[in-house]
>>> print(open('model-v1.pdb').read())   # PDB, C-alpha atoms, pLDDT in the B column
ATOM      1  CA  MET A   1     -75.510  -7.817  72.229  1.00 46.00           C
ATOM      2  CA  SER A   2     -74.159  -8.936  68.799  1.00 46.00           C
ATOM      3  CA  GLU A   3     -71.403 -11.506  68.686  1.00 50.00           C
ATOM      4  CA  THR A   4     -69.993 -10.054  65.446  1.00 47.00           C
ATOM      5  CA  ALA A   5     -66.620  -8.563  66.075  1.00 49.00           C
ATOM      6  CA  THR A   6     -66.483  -4.916  65.219  1.00 53.00           C
ATOM      7  CA  ALA A   7     -63.376  -3.495  63.525  1.00 48.00           C
ATOM      8  CA  LYS A   8     -61.129  -1.762  65.866  1.00 53.00           C
ATOM      9  CA  PRO A   9     -60.489   1.798  64.725  1.00 55.00           C
ATOM     10  CA  THR A  10     -56.927   2.680  63.813  1.00 54.00           C
ATOM     11  CA  GLU A  11     -55.360   4.642  66.550  1.00 59.00           C
ATOM     12  CA  PRO A  12     -53.630   7.799  65.460  1.00 59.00           C
ATOM     13  CA  ALA A  13     -49.867   7.848  65.721  1.00 55.00           C
ATOM     14  CA  PRO A  14     -48.500   9.742  68.679  1.00 61.00           C
ATOM     15  CA  PRO A  15     -47.275  13.218  67.864  1.00 62.00           C
ATOM     16  CA  GLY A  16     -43.719  13.322  66.381  1.00 60.00           C
ATOM     17  CA  VAL A  17     -43.730   9.660  65.310  1.00 58.00           C
ATOM     18  CA  ALA A  18     -43.924   8.866  61.583  1.00 60.00           C
ATOM     19  CA  LYS A  19     -46.372   6.278  60.434  1.00 63.00           C
ATOM     20  CA  PRO A  20     -44.585   3.208  58.957  1.00 64.00           C
ATOM     21  CA  PRO A  21     -45.102   2.804  55.198  1.00 66.00           C
ATOM     22  CA  VAL A  22     -47.191  -0.005  53.869  1.00 63.00           C
ATOM     23  CA  VAL A  23     -44.983  -2.481  51.926  1.00 59.00           C
ATOM     24  CA  PRO A  24     -46.838  -4.606  49.395  1.00 63.00           C
ATOM     25  CA  ALA A  25     -46.262  -8.319  49.522  1.00 59.00           C
ATOM     26  CA  ILE A  26     -43.858  -9.749  46.916  1.00 61.00           C
ATOM     27  CA  VAL A  27     -45.430 -12.605  45.064  1.00 58.00           C
ATOM     28  CA  ALA A  28     -43.071 -15.006  43.296  1.00 55.00           C
ATOM     29  CA  PRO A  29     -43.934 -15.449  39.586  1.00 60.00           C
ATOM     30  CA  HIS A  30     -45.317 -18.737  38.534  1.00 60.00           C
ATOM     31  CA  TYR A  31     -42.537 -20.828  36.939  1.00 54.00           C
ATOM     32  CA  VAL A  32     -43.508 -22.407  33.677  1.00 58.00           C
ATOM     33  CA  PRO A  33     -41.015 -25.072  32.508  1.00 61.00           C
ATOM     34  CA  VAL A  34     -39.818 -24.752  28.884  1.00 58.00           C
ATOM     35  CA  LYS A  35     -40.216 -27.877  26.917  1.00 61.00           C
ATOM     36  CA  THR A  36     -37.279 -28.662  24.562  1.00 60.00           C
ATOM     37  CA  ASP A  37     -37.825 -31.238  21.913  1.00 66.00           C
ATOM     38  CA  ARG A  38     -35.095 -33.282  20.293  1.00 66.00           C
ATOM     39  CA  ARG A  39     -35.117 -31.368  16.998  1.00 69.00           C
ATOM     40  CA  SER A  40     -34.525 -27.942  18.564  1.00 69.00           C
ATOM     41  CA  PHE A  41     -31.775 -29.360  20.767  1.00 66.00           C
ATOM     42  CA  LEU A  42     -29.956 -30.841  17.772  1.00 68.00           C
ATOM     43  CA  SER A  43     -30.331 -27.527  15.889  1.00 75.00           C
ATOM     44  CA  ALA A  44     -28.720 -25.649  18.760  1.00 74.00           C
ATOM     45  CA  VAL A  45     -25.855 -28.146  18.860  1.00 77.00           C
ATOM     46  CA  ALA A  46     -25.365 -27.856  15.089  1.00 78.00           C
ATOM     47  CA  ILE A  47     -25.238 -24.048  15.285  1.00 84.00           C
ATOM     48  CA  GLY A  48     -22.690 -24.241  18.062  1.00 81.00           C
ATOM     49  CA  TRP A  49     -20.447 -26.608  16.131  1.00 83.00           C
ATOM     50  CA  ALA A  50     -20.734 -24.462  12.989  1.00 84.00           C
ATOM     51  CA  ALA A  51     -19.646 -21.370  14.914  1.00 86.00           C
ATOM     52  CA  PHE A  52     -16.745 -23.274  16.454  1.00 86.00           C
ATOM     53  CA  THR A  53     -15.653 -24.645  13.071  1.00 87.00           C
ATOM     54  CA  GLY A  54     -15.817 -21.169  11.508  1.00 85.00           C
ATOM     55  CA  ALA A  55     -13.662 -19.729  14.277  1.00 86.00           C
ATOM     56  CA  MET A  56     -11.105 -22.497  13.800  1.00 86.00           C
ATOM     57  CA  VAL A  57     -10.962 -21.907  10.027  1.00 85.00           C
ATOM     58  CA  VAL A  58     -10.410 -18.164  10.502  1.00 83.00           C
ATOM     59  CA  GLY A  59      -7.693 -18.859  13.062  1.00 80.00           C
ATOM     60  CA  ALA A  60      -5.971 -21.314  10.708  1.00 79.00           C
ATOM     61  CA  LEU A  61      -5.990 -18.759   7.873  1.00 78.00           C
ATOM     62  CA  GLU A  62      -4.492 -16.074  10.111  1.00 77.00           C
ATOM     63  CA  LEU A  63      -1.824 -18.531  11.258  1.00 73.00           C
ATOM     64  CA  GLN A  64      -1.020 -19.346   7.629  1.00 71.00           C
ATOM     65  CA  ARG A  65      -0.522 -15.637   6.877  1.00 66.00           C
ATOM     66  CA  PHE A  66       1.900 -15.489   9.802  1.00 65.00           C
ATOM     67  CA  PHE A  67       4.065 -18.294   8.408  1.00 67.00           C
ATOM     68  CA  PHE A  68       3.715 -17.142   4.777  1.00 65.00           C
ATOM     69  CA  PRO A  69       3.804 -13.331   4.742  1.00 60.00           C
ATOM     70  CA  ASN A  70       2.608 -11.324   1.757  1.00 62.00           C
ATOM     71  CA  VAL A  71       5.152 -11.041  -1.025  1.00 60.00           C
ATOM     72  CA  LEU A  72       5.271  -7.894  -3.100  1.00 59.00           C
ATOM     73  CA  PHE A  73       5.883  -8.814  -6.716  1.00 60.00           C
ATOM     74  CA  GLU A  74       7.850  -6.098  -8.480  1.00 68.00           C
ATOM     75  CA  PRO A  75       9.193  -5.928 -12.008  1.00 68.00           C
ATOM     76  CA  PRO A  76      12.686  -7.411 -12.364  1.00 80.00           C
ATOM     77  CA  GLN A  77      15.473  -4.979 -11.607  1.00 89.00           C
ATOM     78  CA  THR A  78      17.458  -6.182 -14.609  1.00 93.00           C
ATOM     79  CA  PHE A  79      15.871  -6.357 -18.043  1.00 94.00           C
ATOM     80  CA  LYS A  80      16.764  -6.553 -21.719  1.00 95.00           C
ATOM     81  CA  ALA A  81      15.737  -3.494 -23.702  1.00 94.00           C
ATOM     82  CA  GLY A  82      16.385  -4.863 -27.210  1.00 93.00           C
ATOM     83  CA  ASN A  83      18.975  -4.419 -29.907  1.00 95.00           C
ATOM     84  CA  PRO A  84      20.633  -1.011 -30.402  1.00 94.00           C
ATOM     85  CA  SER A  85      19.164  -0.813 -33.896  1.00 93.00           C
ATOM     86  CA  ASP A  86      15.651  -0.933 -32.397  1.00 93.00           C
ATOM     87  CA  PHE A  87      15.998   2.592 -31.006  1.00 94.00           C
ATOM     88  CA  PRO A  88      15.737   5.899 -32.838  1.00 93.00           C
ATOM     89  CA  VAL A  89      17.932   8.805 -31.818  1.00 95.00           C
ATOM     90  CA  GLY A  90      16.473  10.628 -28.827  1.00 95.00           C
ATOM     91  CA  VAL A  91      14.351   9.661 -25.817  1.00 96.00           C
ATOM     92  CA  ASP A  92      12.482   6.347 -25.862  1.00 96.00           C
ATOM     93  CA  GLU A  93       9.560   5.983 -23.411  1.00 96.00           C
ATOM     94  CA  ARG A  94       8.582   2.353 -23.932  1.00 95.00           C
ATOM     95  CA  PHE A  95      10.092   1.298 -20.561  1.00 95.00           C
ATOM     96  CA  LYS A  96       8.751   4.193 -18.492  1.00 95.00           C
ATOM     97  CA  ALA A  97       5.547   2.564 -17.220  1.00 93.00           C
ATOM     98  CA  ARG A  98       6.930  -0.890 -16.400  1.00 92.00           C
ATOM     99  CA  TYR A  99      10.543  -0.247 -15.433  1.00 93.00           C
ATOM    100  CA  ASN A 100      10.591   3.493 -14.538  1.00 95.00           C
ATOM    101  CA  CYS A 101      13.315   4.030 -17.078  1.00 96.00           C
ATOM    102  CA  TRP A 102      13.938   6.148 -20.165  1.00 97.00           C
ATOM    103  CA  MET A 103      16.339   4.937 -22.848  1.00 96.00           C
ATOM    104  CA  VAL A 104      18.259   7.789 -24.438  1.00 96.00           C
ATOM    105  CA  LYS A 105      20.255   7.376 -27.646  1.00 96.00           C
ATOM    106  CA  GLY A 106      22.614  10.069 -28.910  1.00 94.00           C
ATOM    107  CA  TYR A 107      25.578  12.193 -27.979  1.00 94.00           C
ATOM    108  CA  ASP A 108      26.399  12.440 -24.254  1.00 94.00           C
ATOM    109  CA  PRO A 109      28.274  15.600 -23.179  1.00 93.00           C
ATOM    110  CA  ALA A 110      29.333  13.951 -19.915  1.00 92.00           C
ATOM    111  CA  THR A 111      31.375  11.250 -21.646  1.00 92.00           C
ATOM    112  CA  LYS A 112      31.770  13.090 -24.980  1.00 93.00           C
ATOM    113  CA  LYS A 113      30.712   9.882 -26.681  1.00 93.00           C
ATOM    114  CA  THR A 114      27.785   8.648 -28.714  1.00 95.00           C
ATOM    115  CA  GLY A 115      25.664   5.750 -27.524  1.00 95.00           C
ATOM    116  CA  PHE A 116      23.055   4.880 -24.904  1.00 96.00           C
ATOM    117  CA  PHE A 117      22.273   5.697 -21.300  1.00 96.00           C
ATOM    118  CA  ALA A 118      19.304   4.763 -19.121  1.00 97.00           C
ATOM    119  CA  LEU A 119      17.684   7.543 -17.088  1.00 97.00           C
ATOM    120  CA  SER A 120      15.615   7.061 -13.941  1.00 97.00           C
ATOM    121  CA  THR A 121      12.079   8.480 -14.158  1.00 96.00           C
ATOM    122  CA  THR A 122      12.173   9.621 -10.515  1.00 96.00           C
ATOM    123  CA  CYS A 123      12.400  13.366 -10.004  1.00 96.00           C
ATOM    124  CA  THR A 124      15.235  14.296  -7.646  1.00 95.00           C
ATOM    125  CA  HIS A 125      13.053  16.853  -5.873  1.00 94.00           C
ATOM    126  CA  LEU A 126      10.278  14.845  -4.191  1.00 92.00           C
ATOM    127  CA  GLY A 127      10.127  11.662  -6.235  1.00 92.00           C
ATOM    128  CA  CYS A 128       7.377  12.466  -8.751  1.00 94.00           C
ATOM    129  CA  THR A 129       7.535  11.169 -12.323  1.00 96.00           C
ATOM    130  CA  PRO A 130       8.379  13.813 -14.941  1.00 96.00           C
ATOM    131  CA  ASN A 131       6.941  13.765 -18.452  1.00 96.00           C
ATOM    132  CA  TRP A 132       8.947  13.888 -21.657  1.00 96.00           C
ATOM    133  CA  LEU A 133       7.890  16.905 -23.711  1.00 96.00           C
ATOM    134  CA  SER A 134       9.246  16.129 -27.147  1.00 94.00           C
ATOM    135  CA  ALA A 135       8.119  19.456 -28.613  1.00 94.00           C
ATOM    136  CA  GLU A 136      10.144  21.321 -25.986  1.00 95.00           C
ATOM    137  CA  GLY A 137      12.949  18.792 -25.833  1.00 95.00           C
ATOM    138  CA  LYS A 138      12.916  18.402 -22.037  1.00 96.00           C
ATOM    139  CA  PHE A 139      11.598  16.395 -19.090  1.00 97.00           C
ATOM    140  CA  LYS A 140       9.076  18.372 -17.042  1.00 97.00           C
ATOM    141  CA  CYS A 141       7.898  17.347 -13.568  1.00 95.00           C
ATOM    142  CA  PRO A 142       4.137  17.934 -13.117  1.00 94.00           C
ATOM    143  CA  CYS A 143       4.376  18.273  -9.334  1.00 94.00           C
ATOM    144  CA  HIS A 144       6.599  21.312  -8.796  1.00 93.00           C
ATOM    145  CA  GLY A 145       7.841  22.290 -12.244  1.00 93.00           C
ATOM    146  CA  SER A 146      11.355  20.877 -12.234  1.00 96.00           C
ATOM    147  CA  GLY A 147      12.857  20.675 -15.701  1.00 96.00           C
ATOM    148  CA  PHE A 148      15.584  18.349 -16.992  1.00 97.00           C
ATOM    149  CA  GLN A 149      17.489  18.269 -20.253  1.00 96.00           C
ATOM    150  CA  PRO A 150      17.478  15.039 -22.328  1.00 96.00           C
ATOM    151  CA  THR A 151      20.817  14.166 -20.724  1.00 95.00           C
ATOM    152  CA  GLY A 152      19.182  14.350 -17.268  1.00 96.00           C
ATOM    153  CA  ILE A 153      20.730  17.668 -16.196  1.00 96.00           C
ATOM    154  CA  ASN A 154      18.376  19.823 -14.088  1.00 96.00           C
ATOM    155  CA  PHE A 155      18.038  23.403 -15.294  1.00 95.00           C
ATOM    156  CA  GLU A 156      14.745  24.771 -13.879  1.00 95.00           C
ATOM    157  CA  GLY A 157      12.538  24.352 -10.836  1.00 94.00           C
ATOM    158  CA  PRO A 158      13.363  23.095  -7.349  1.00 95.00           C
ATOM    159  CA  ALA A 159      15.107  19.824  -8.309  1.00 95.00           C
ATOM    160  CA  PRO A 160      18.491  19.990  -6.508  1.00 95.00           C
ATOM    161  CA  ARG A 161      20.404  17.622  -8.794  1.00 96.00           C
ATOM    162  CA  PRO A 162      20.230  15.779 -12.142  1.00 97.00           C
ATOM    163  CA  LEU A 163      18.305  12.575 -12.754  1.00 97.00           C
ATOM    164  CA  GLU A 164      20.107   9.358 -11.895  1.00 97.00           C
ATOM    165  CA  ARG A 165      21.326   6.878 -14.468  1.00 97.00           C
ATOM    166  CA  PHE A 166      21.124   3.082 -14.347  1.00 97.00           C
ATOM    167  CA  ALA A 167      23.870   0.647 -15.276  1.00 97.00           C
ATOM    168  CA  ILE A 168      23.773  -0.363 -18.914  1.00 97.00           C
ATOM    169  CA  ARG A 169      25.730  -2.930 -20.932  1.00 96.00           C
ATOM    170  CA  LEU A 170      25.587  -5.093 -24.014  1.00 94.00           C
ATOM    171  CA  ALA A 171      24.711  -8.775 -23.529  1.00 94.00           C
ATOM    172  CA  ASP A 172      26.290 -11.688 -25.410  1.00 93.00           C
ATOM    173  CA  ASP A 173      23.265 -11.903 -27.704  1.00 93.00           C
ATOM    174  CA  GLY A 174      23.712  -8.278 -28.745  1.00 92.00           C
ATOM    175  CA  GLN A 175      20.831  -6.856 -26.700  1.00 96.00           C
ATOM    176  CA  ILE A 176      21.052  -3.908 -24.339  1.00 96.00           C
ATOM    177  CA  VAL A 177      20.761  -4.889 -20.656  1.00 96.00           C
ATOM    178  CA  VAL A 178      19.704  -2.341 -18.019  1.00 97.00           C
ATOM    179  CA  ASP A 179      20.569  -3.044 -14.383  1.00 96.00           C
ATOM    180  CA  LYS A 180      18.520  -0.877 -12.001  1.00 95.00           C
ATOM    181  CA  THR A 181      20.327  -2.148  -8.924  1.00 94.00           C
ATOM    182  CA  LYS A 182      23.237   0.139  -9.833  1.00 95.00           C
ATOM    183  CA  LYS A 183      22.672   3.896  -9.970  1.00 96.00           C
ATOM    184  CA  PHE A 184      25.025   6.675 -10.993  1.00 96.00           C
ATOM    185  CA  GLN A 185      24.836  10.324  -9.911  1.00 96.00           C
ATOM    186  CA  GLN A 186      26.256  13.185 -11.973  1.00 95.00           C
ATOM    187  CA  GLU A 187      27.163  15.331  -8.969  1.00 94.00           C
ATOM    188  CA  LYS A 188      29.426  12.543  -7.725  1.00 95.00           C
ATOM    189  CA  GLY A 189      31.186  12.255 -11.086  1.00 94.00           C
ATOM    190  CA  GLU A 190      29.701   8.790 -11.672  1.00 96.00           C
ATOM    191  CA  TRP A 191      28.246   9.400 -15.135  1.00 95.00           C
ATOM    192  CA  VAL A 192      31.661   8.728 -16.672  1.00 94.00           C
ATOM    193  CA  ALA A 193      31.822   5.249 -15.098  1.00 95.00           C
ATOM    194  CA  PRO A 194      32.039   2.418 -17.655  1.00 92.00           C
ATOM    195  CA  ASP A 195      28.639   0.962 -16.662  1.00 94.00           C
ATOM    196  CA  ALA A 196      26.842   4.322 -16.780  1.00 96.00           C
ATOM    197  CA  PHE A 197      27.113   4.663 -20.555  1.00 96.00           C
ATOM    198  CA  LEU A 198      27.081   2.263 -23.496  1.00 95.00           C
ATOM    199  CA  GLU A 199      29.160   3.522 -26.404  1.00 93.00           C
ATOM    200  CA  ILE A 200      27.737   2.510 -29.756  1.00 86.00           C
ATOM    201  CA  THR A 201      28.099   4.181 -33.117  1.00 71.00           C
ATOM    202  CA  VAL A 202      24.741   5.710 -34.057  1.00 58.00           C
TER     203      VAL A 202
END
>>> encode(input="model-v1.pdb", output="structure tokens")
Amino acid sequence: MSETATAKPTEPAPPGVAKPPVVPAIVAPHYVPVKTDRRSFLSAVAIGWAAFTGAMVVGALELQRFFFPNVLFEPPQTFKAGNPSDFPVGVDERFKARYNCWMVKGYDPATKKTGFFALSTTCTHLGCTPNWLSAEGKFKCPCHGSGFQPTGINFEGPAPRPLERFAIRLADDGQIVVDKTKKFQQEKGEWVAPDAFLEITV
């Protein structure tokens, strides 16, 4: 009789009993240590410090903006327009782009005098900027068609009231000074105020 052990046959599972699943053995991966030389370590440190320094610089700039907020530089609200003799009779547009102002020289029905007044270039409908149409002798708003006479009176379109006038006076050196901080409205009877019109013989 042979001494070699014979494999014992697998006995079938009893009826109604599930056979347990075979779970494979979990083998831990072989750990390989990562070698770090001095140069790569110093590079990593340098990158870290650079990132930290950049973050500090950005934070300092944002803090500076907090203490020194943005300042909006606007044209001065008071300006000298020149000597009365520098202006021809009619509407002068040289101050429209920079100061949002038209200089008008001639007869003013509101005061029944001859001289100067400064008109605002802001339409009284929705704030657009009208254009001076010299051939038609009127201001015409390109947005909604409001029309204004050279004196500033509205006569067509949806504009509910005339253009506003700025304060105007004569300086000691003989130049015309326009003060945009003071506005005068026709519907309030303010066009006849002393600062709303500068009487000068044309």
>>> atom_distance(input="model-v1.pdb", atom1="atom CA of A:Pro130", atom2="atom CA of A:Pro142")
6.2 Å
>>> resolve_selection(input="model-v1.pdb", expression="the PyMOL selection byres ((chain A and resi 196-201) around 7)", output="PyMOL selection string")
chain A and resi 113-117+165-169+184+191-195+202
>>> residues_near_point(input="model-v1.pdb", point="(16.8, -0.5, -28.8)", cutoff="10 Å", atoms="only C-alpha atoms", output="MDAnalysis selection string")
chainID A and resid 80:89 92 94 103:105 116 175:176
>>> atom_distance(input="model-v1.pdb", atom1="atom CA of A:Cys101", atom2="atom CA of A:Thr121")
5.5 Å
>>> axis_aligned_box(input="model-v1.pdb", around="stretch 88-105 of chain A", padding_each_side="3 Å", output="lines of an AutoDock Vina configuration file")
center_x = 12.9
center_y = 4.9
center_z = -23.7
size_x = 20.7
size_y = 17.5
size_z = 24.3
>>> closest_residue(input="model-v1.pdb", among="A:Pro76, A:Thr151, A:Asn100, A:Val91", to="A:Lys112", atoms="only C-alpha atoms")
A:Thr151
>>> atom_distance(input="model-v1.pdb", atom1="atom CA of A:Pro109", atom2="atom CA of A:Gly152")
10.9 Å
>>> resolve_selection(input="model-v1.pdb", expression="the PyMOL selection byres ((chain A and resi 139) around 7)", output="mmCIF file with C-alpha atoms, in the frame of the given file")
data_model
loop_
_atom_site.group_PDB
_atom_site.id
_atom_site.type_symbol
_atom_site.label_atom_id
_atom_site.label_comp_id
_atom_site.auth_asym_id
_atom_site.auth_seq_id
_atom_site.Cartn_x
_atom_site.Cartn_y
_atom_site.Cartn_z
ATOM 1 C CA PRO A 130 8.379 13.813 -14.941
ATOM 2 C CA ASN A 131 6.941 13.765 -18.452
ATOM 3 C CA TRP A 132 8.947 13.888 -21.657
ATOM 4 C CA LEU A 133 7.890 16.905 -23.711
ATOM 5 C CA LYS A 138 12.916 18.402 -22.037
ATOM 6 C CA LYS A 140 9.076 18.372 -17.042
ATOM 7 C CA CYS A 141 7.898 17.347 -13.568
ATOM 8 C CA GLY A 147 12.857 20.675 -15.701
ATOM 9 C CA PHE A 148 15.584 18.349 -16.992
ATOM 10 C CA GLN A 149 17.489 18.269 -20.253
ATOM 11 C CA PRO A 150 17.478 15.039 -22.328
#
>>> resolve_selection(input="model-v1.pdb", expression="the PyMOL selection byres ((chain A and resi 185) around 8)", output="ChimeraX atom specification")
/A:162-165,183-184,186-191
